[in-house]
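These notes are about the structure you will find just below.
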Amino acid sequence: MKRENYISWDQYFMGVAKLSALRSKDPSTQVGACIINEDKRIIAIGYNGLPKGLDDNTFNWSKDGKYSETKYPYVVHAEANAILNATTSLKNSTLYVTLFPCNECMKLIVQAGIKEIVFMSDKDRGKESHYASTQMMQKAMIQSRQIKLETITLESES
């Protein structure tokens, strides 16, 4: 008889996205992304952080102050990193991401041919950028759905 308490595909891939988010150095918002193909194979992962080769210790991670002295002009979002990390076509793929994509990431998602977005948090709902992101997603006929992820333990029950 097979084991019955295994995790679902959604739990598995969002778990990978959440695990990726733990690599982020951002003190306020850690975001992770996992992209899978139509065969449920992971084809890319990413998290929010500075561009490759930049020293995390020499940049300000603040959210407040003069724009060029905050994290915002420097941090690459998890979705963008995942798209850049892909080694194969993303056409018709599914993006699992811990935070609903901003409008800048949505442009990349549309261009990459991703057809479904599964997300956990939607904390920016109501902002202008969220509206723009949603408009692009709908016009590109990208499906989206929000899921909640319960805590998953890494130990298996023997």
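Ligands are numbered from 1 in the order shown, chains are lettered A, B, ... in the order of the structure tokens, and residues start at 1 in each chain.
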Using only C-alpha atoms, determine which residues lie at most 12 Å from region 65-77 of chain A, disregarding the query and same-chain residues fewer than 6 positions distant; provide the list as a CSV table (one decimal) with N, CA and C atoms, in the first residue's frame.
```csv
chain,number,residue,atom,x,y,z
A,21,ALA,N,14.1,31.4,-1.7
A,21,ALA,CA,14.0,32.7,-1.0
A,21,ALA,C,14.9,32.9,0.2
A,24,SER,N,18.1,34.8,-0.2
A,24,SER,CA,18.1,36.3,-0.4
A,24,SER,C,18.8,37.0,0.8
A,25,LYS,N,19.5,38.0,0.5
A,25,LYS,CA,20.2,38.8,1.6
A,25,LYS,C,19.3,40.0,2.0
A,26,ASP,N,18.2,40.2,1.3
A,26,ASP,CA,17.3,41.4,1.6
A,26,ASP,C,16.7,41.2,3.0
A,27,PRO,N,16.9,42.2,3.9
A,27,PRO,CA,16.4,42.1,5.2
A,27,PRO,C,14.9,42.2,5.4
A,28,SER,N,14.2,42.8,4.4
A,28,SER,CA,12.8,43.0,4.5
A,28,SER,C,11.9,42.1,3.7
A,29,THR,N,12.3,41.7,2.5
A,29,THR,CA,11.5,40.9,1.6
A,29,THR,C,12.3,39.8,0.9
A,30,GLN,N,12.1,38.6,1.3
A,30,GLN,CA,12.8,37.5,0.6
A,30,GLN,C,11.8,36.8,-0.4
A,31,VAL,N,12.2,36.8,-1.6
A,31,VAL,CA,11.3,36.2,-2.7
A,31,VAL,C,12.0,35.1,-3.4
A,32,GLY,N,11.3,34.0,-3.6
A,32,GLY,CA,11.9,32.9,-4.4
A,32,GLY,C,11.0,32.5,-5.5
A,33,ALA,N,11.6,32.0,-6.6
A,33,ALA,CA,10.8,31.6,-7.8
A,33,ALA,C,11.3,30.2,-8.3
A,45,ILE,N,15.4,28.3,-11.2
A,45,ILE,CA,15.0,28.8,-9.9
A,45,ILE,C,15.7,30.2,-9.8
A,46,GLY,N,15.3,31.0,-8.9
A,46,GLY,CA,15.9,32.3,-8.6
A,46,GLY,C,15.4,32.9,-7.3
A,47,TYR,N,16.1,33.9,-6.8
A,47,TYR,CA,15.7,34.6,-5.6
A,47,TYR,C,16.2,36.0,-5.8
A,48,ASN,N,15.6,37.0,-5.0
A,48,ASN,CA,15.9,38.4,-5.2
A,48,ASN,C,17.3,38.7,-4.6
A,49,GLY,N,18.1,39.3,-5.3
A,49,GLY,CA,19.5,39.7,-4.9
A,49,GLY,C,20.2,40.6,-5.8
A,50,LEU,N,21.4,40.9,-5.5
A,50,LEU,CA,22.2,41.8,-6.4
A,50,LEU,C,22.7,41.0,-7.6
A,51,PRO,N,23.0,41.8,-8.7
A,51,PRO,CA,23.5,41.1,-9.8
A,51,PRO,C,24.8,40.3,-9.5
A,52,LYS,N,25.0,39.3,-10.3
A,52,LYS,CA,26.2,38.4,-10.1
A,52,LYS,C,27.5,39.2,-10.0
A,54,LEU,N,28.5,41.3,-7.7
A,54,LEU,CA,28.5,42.5,-6.9
A,54,LEU,C,28.5,42.1,-5.4
A,55,ASP,N,29.3,42.8,-4.6
A,55,ASP,CA,29.4,42.4,-3.2
A,55,ASP,C,28.2,42.9,-2.4
A,56,ASP,N,27.5,41.9,-1.8
A,56,ASP,CA,26.4,42.2,-1.0
A,56,ASP,C,26.7,43.2,0.2
A,57,ASN,N,27.9,43.2,0.6
A,57,ASN,CA,28.3,44.1,1.7
A,57,ASN,C,28.5,45.5,1.4
A,58,THR,N,28.6,45.8,0.1
A,58,THR,CA,29.0,47.2,-0.3
A,58,THR,C,27.7,48.0,-0.8
A,59,PHE,N,26.6,47.4,-0.7
A,59,PHE,CA,25.3,48.1,-1.1
A,59,PHE,C,24.4,48.3,0.1
A,83,ILE,N,14.3,33.5,-14.7
A,83,ILE,CA,14.2,33.6,-16.2
A,83,ILE,C,15.6,33.6,-16.8
A,84,LEU,N,16.5,34.4,-16.2
A,84,LEU,CA,17.9,34.5,-16.7
A,84,LEU,C,18.7,33.2,-16.4
A,97,VAL,N,6.0,31.4,-7.5
A,97,VAL,CA,6.7,32.6,-6.9
A,97,VAL,C,6.1,32.9,-5.6
A,98,THR,N,6.9,33.3,-4.6
A,98,THR,CA,6.3,33.6,-3.3
A,98,THR,C,5.6,34.9,-3.2
A,99,LEU,N,5.8,35.8,-4.1
A,99,LEU,CA,5.2,37.1,-4.1
A,99,LEU,C,4.7,37.4,-5.5
A,100,PHE,N,3.4,37.9,-5.7
A,100,PHE,CA,2.9,38.2,-7.0
A,100,PHE,C,3.8,39.1,-7.8
A,101,PRO,N,4.1,38.8,-9.0
A,101,PRO,CA,5.1,39.6,-9.8
A,101,PRO,C,4.8,41.1,-10.0
A,102,CYS,N,5.8,41.9,-9.9
A,102,CYS,CA,5.6,43.4,-10.2
A,102,CYS,C,5.5,43.6,-11.7
A,103,ASN,N,5.1,44.8,-12.1
A,103,ASN,CA,5.0,45.0,-13.6
A,103,ASN,C,6.2,44.8,-14.4
A,104,GLU,N,7.4,45.1,-13.8
A,104,GLU,CA,8.7,44.9,-14.5
A,104,GLU,C,8.9,43.5,-14.8
A,105,CYS,N,8.7,42.6,-13.8
A,105,CYS,CA,8.8,41.2,-13.9
A,105,CYS,C,7.8,40.6,-14.9
A,106,MET,N,6.6,41.2,-14.8
A,106,MET,CA,5.5,40.7,-15.7
A,106,MET,C,5.9,40.8,-17.1
A,108,LEU,N,8.8,40.5,-18.4
A,108,LEU,CA,9.7,39.4,-18.7
A,108,LEU,C,9.0,38.1,-18.8
A,109,ILE,N,8.0,37.9,-17.9
A,109,ILE,CA,7.2,36.7,-17.9
A,109,ILE,C,6.4,36.5,-19.2
```
From a DSSP calculation on the backbone, collect every residue of region 2-128 of chain A in helix (DSSP H, G or I) and output the set as a PDB file with C-alpha atoms, in the first residue's frame.
```
ATOM      1  CA  TRP A   9       2.970  19.175  -6.786  1.00  0.00           C
ATOM      2  CA  ASP A  10       1.936  22.704  -5.738  1.00  0.00           C
ATOM      3  CA  GLN A  11       3.435  22.185  -2.285  1.00  0.00           C
ATOM      4  CA  TYR A  12       6.597  20.729  -3.789  1.00  0.00           C
ATOM      5  CA  PHE A  13       7.289  23.506  -6.306  1.00  0.00           C
ATOM      6  CA  MET A  14       6.255  26.330  -3.967  1.00  0.00           C
ATOM      7  CA  GLY A  15       8.474  24.692  -1.354  1.00  0.00           C
ATOM      8  CA  VAL A  16      11.394  24.954  -3.796  1.00  0.00           C
ATOM      9  CA  ALA A  17      10.529  28.632  -4.354  1.00  0.00           C
ATOM     10  CA  LYS A  18      10.401  29.236  -0.586  1.00  0.00           C
ATOM     11  CA  LEU A  19      13.714  27.431  -0.108  1.00  0.00           C
ATOM     12  CA  SER A  20      15.266  29.618  -2.828  1.00  0.00           C
ATOM     13  CA  ALA A  21      13.985  32.731  -1.048  1.00  0.00           C
ATOM     14  CA  ASP A  56      26.363  42.225  -0.960  1.00  0.00           C
ATOM     15  CA  ASN A  57      28.274  44.082   1.748  1.00  0.00           C
ATOM     16  CA  THR A  58      28.965  47.216  -0.305  1.00  0.00           C
ATOM     17  CA  TYR A  67      16.550  56.299  -4.458  1.00  0.00           C
ATOM     18  CA  SER A  68      20.154  55.630  -5.511  1.00  0.00           C
ATOM     19  CA  GLU A  69      21.025  54.901  -1.885  1.00  0.00           C
ATOM     20  CA  ALA A  78      13.478  36.447  -8.140  1.00  0.00           C
ATOM     21  CA  GLU A  79      11.377  36.058 -11.295  1.00  0.00           C
ATOM     22  CA  ALA A  80      13.972  37.847 -13.424  1.00  0.00           C
ATOM     23  CA  ASN A  81      16.771  35.763 -11.928  1.00  0.00           C
ATOM     24  CA  ALA A  82      14.852  32.545 -12.599  1.00  0.00           C
ATOM     25  CA  ILE A  83      14.203  33.578 -16.214  1.00  0.00           C
ATOM     26  CA  LEU A  84      17.884  34.470 -16.655  1.00  0.00           C
ATOM     27  CA  ASN A  85      18.957  31.176 -15.030  1.00  0.00           C
ATOM     28  CA  ASN A 103       4.952  45.029 -13.552  1.00  0.00           C
ATOM     29  CA  GLU A 104       8.652  44.947 -14.519  1.00  0.00           C
ATOM     30  CA  CYS A 105       8.843  41.193 -13.919  1.00  0.00           C
ATOM     31  CA  MET A 106       5.508  40.652 -15.666  1.00  0.00           C
ATOM     32  CA  LYS A 107       7.016  42.087 -18.861  1.00  0.00           C
ATOM     33  CA  LEU A 108       9.711  39.408 -18.694  1.00  0.00           C
ATOM     34  CA  ILE A 109       7.189  36.686 -17.854  1.00  0.00           C
ATOM     35  CA  VAL A 110       5.072  37.584 -20.891  1.00  0.00           C
ATOM     36  CA  GLN A 111       8.138  37.755 -23.166  1.00  0.00           C
ATOM     37  CA  ALA A 112       9.396  34.380 -21.903  1.00  0.00           C
ATOM     38  CA  GLU A 128      -0.690  51.126  -9.582  1.00  0.00           C
TER      39      GLU A 128
END
```
**Q.** Pick from A:Lys91, A:Lys63, A:Arg145, A:Arg3 nearest to Glu38 (chain A), counting only C-alpha atoms
**A.** A:Lys91
**Q.** Which of region 46-136 of chain A DSSP labels strand (DSSP E), written as a list of chain:residue names
**A.**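 Filtering region 46-136 of chain A to strand (DSSP E) leaves A:Gly46, A:Tyr47, A:Thr94, A:Leu95, A:Tyr96, A:Val97, A:Thr98, A:Leu99, A:Glu116, A:Ile117, A:Val118, A:Phe119, A:Met120, A:Ser121.
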For the selection just defined, write its residues with all heavy atoms to a file, as a CSV table (one decimal), in the first residue's frame.
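After the write, again_19.csv holds the following:
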```
chain,number,residue,atom,x,y,z
A,46,GLY,N,15.3,31.0,-8.9
A,46,GLY,CA,15.9,32.3,-8.6
A,46,GLY,C,15.4,32.9,-7.3
A,46,GLY,O,14.4,32.4,-6.7
A,47,TYR,N,16.1,33.9,-6.8
A,47,TYR,CA,15.7,34.6,-5.6
A,47,TYR,C,16.2,36.0,-5.8
A,47,TYR,O,17.0,36.4,-6.7
A,47,TYR,CB,16.3,34.0,-4.4
A,47,TYR,CG,17.8,33.9,-4.4
A,47,TYR,CD1,18.6,35.0,-3.9
A,47,TYR,CD2,18.5,32.8,-4.8
A,47,TYR,CE1,20.0,34.9,-3.9
A,47,TYR,CE2,19.9,32.7,-4.8
A,47,TYR,CZ,20.6,33.8,-4.4
A,47,TYR,OH,22.0,33.7,-4.3
A,94,THR,N,5.2,27.1,-16.1
A,94,THR,CA,4.5,27.6,-14.9
A,94,THR,C,5.6,28.2,-14.0
A,94,THR,O,6.6,27.5,-13.7
A,94,THR,CB,3.7,26.4,-14.2
A,94,THR,OG1,2.8,25.9,-15.1
A,94,THR,CG2,3.1,27.0,-13.0
A,95,LEU,N,5.3,29.4,-13.5
A,95,LEU,CA,6.1,30.0,-12.5
A,95,LEU,C,5.5,29.9,-11.1
A,95,LEU,O,4.3,30.3,-10.9
A,95,LEU,CB,6.3,31.5,-12.9
A,95,LEU,CG,6.8,32.5,-11.9
A,95,LEU,CD1,8.3,32.2,-11.6
A,95,LEU,CD2,6.7,33.9,-12.3
A,96,TYR,N,6.2,29.4,-10.2
A,96,TYR,CA,5.8,29.4,-8.8
A,96,TYR,C,6.7,30.5,-8.1
A,96,TYR,O,7.9,30.5,-8.3
A,96,TYR,CB,6.2,28.0,-8.1
A,96,TYR,CG,5.2,27.0,-8.5
A,96,TYR,CD1,5.3,26.2,-9.6
A,96,TYR,CD2,4.1,26.6,-7.6
A,96,TYR,CE1,4.3,25.3,-10.0
A,96,TYR,CE2,3.2,25.7,-7.9
A,96,TYR,CZ,3.3,25.0,-9.1
A,96,TYR,OH,2.4,24.0,-9.4
A,97,VAL,N,6.0,31.4,-7.5
A,97,VAL,CA,6.7,32.6,-6.9
A,97,VAL,C,6.1,32.9,-5.6
A,97,VAL,O,4.8,32.9,-5.5
A,97,VAL,CB,6.8,33.7,-7.9
A,97,VAL,CG1,5.4,34.3,-8.2
A,97,VAL,CG2,7.7,34.8,-7.4
A,98,THR,N,6.9,33.3,-4.6
A,98,THR,CA,6.3,33.6,-3.3
A,98,THR,C,5.6,34.9,-3.2
A,98,THR,O,4.8,35.1,-2.2
A,98,THR,CB,7.5,33.5,-2.2
A,98,THR,OG1,8.5,34.4,-2.5
A,98,THR,CG2,8.0,32.1,-2.1
A,99,LEU,N,5.8,35.8,-4.1
A,99,LEU,CA,5.2,37.1,-4.1
A,99,LEU,C,4.7,37.4,-5.5
A,99,LEU,O,5.5,37.2,-6.5
A,99,LEU,CB,6.1,38.2,-3.7
A,99,LEU,CG,5.6,39.6,-3.6
A,99,LEU,CD1,4.5,39.8,-2.6
A,99,LEU,CD2,6.8,40.6,-3.3
A,116,GLU,N,1.4,30.2,-16.8
A,116,GLU,CA,0.7,30.2,-15.5
A,116,GLU,C,1.6,30.7,-14.4
A,116,GLU,O,2.8,30.4,-14.4
A,116,GLU,CB,0.3,28.8,-15.2
A,116,GLU,CG,-0.5,28.7,-13.9
A,116,GLU,CD,-1.0,27.3,-13.5
A,116,GLU,OE1,-0.3,26.3,-13.9
A,116,GLU,OE2,-1.9,27.2,-12.7
A,117,ILE,N,1.0,31.5,-13.5
A,117,ILE,CA,1.7,32.0,-12.3
A,117,ILE,C,1.0,31.5,-11.1
A,117,ILE,O,-0.2,31.7,-11.0
A,117,ILE,CB,1.7,33.5,-12.3
A,117,ILE,CG1,2.4,34.1,-13.6
A,117,ILE,CG2,2.4,34.0,-11.0
A,117,ILE,CD1,2.3,35.5,-13.8
A,118,VAL,N,1.7,30.8,-10.2
A,118,VAL,CA,1.2,30.3,-9.0
A,118,VAL,C,1.9,31.1,-7.9
A,118,VAL,O,3.2,31.1,-7.9
A,118,VAL,CB,1.4,28.8,-8.8
A,118,VAL,CG1,0.8,28.4,-7.4
A,118,VAL,CG2,0.8,28.0,-9.9
A,119,PHE,N,1.2,31.8,-7.0
A,119,PHE,CA,1.9,32.7,-6.1
A,119,PHE,C,1.3,32.5,-4.7
A,119,PHE,O,0.2,32.0,-4.5
A,119,PHE,CB,1.7,34.2,-6.5
A,119,PHE,CG,0.3,34.7,-6.6
A,119,PHE,CD1,-0.2,35.4,-5.5
A,119,PHE,CD2,-0.4,34.5,-7.7
A,119,PHE,CE1,-1.5,35.8,-5.6
A,119,PHE,CE2,-1.8,34.9,-7.8
A,119,PHE,CZ,-2.3,35.6,-6.7
A,120,MET,N,2.0,33.0,-3.7
A,120,MET,CA,1.5,32.9,-2.3
A,120,MET,C,1.0,34.3,-1.8
A,120,MET,O,-0.2,34.4,-1.5
A,120,MET,CB,2.6,32.4,-1.4
A,120,MET,CG,2.9,31.0,-1.5
A,120,MET,SD,4.3,30.4,-0.4
A,120,MET,CE,3.9,31.2,1.2
A,121,SER,N,1.9,35.3,-1.8
A,121,SER,CA,1.5,36.6,-1.2
A,121,SER,C,1.1,37.5,-2.4
A,121,SER,O,1.7,37.4,-3.5
A,121,SER,CB,2.6,37.2,-0.5
A,121,SER,OG,2.4,38.5,-0.1
```
Q: Measuring atom to atom with only C-alpha atoms, identify which of A:Glu150, A:Asn5, A:Ile36, A:Thr87 is nearest to Lys115 (chain A).
A: A:Ile36
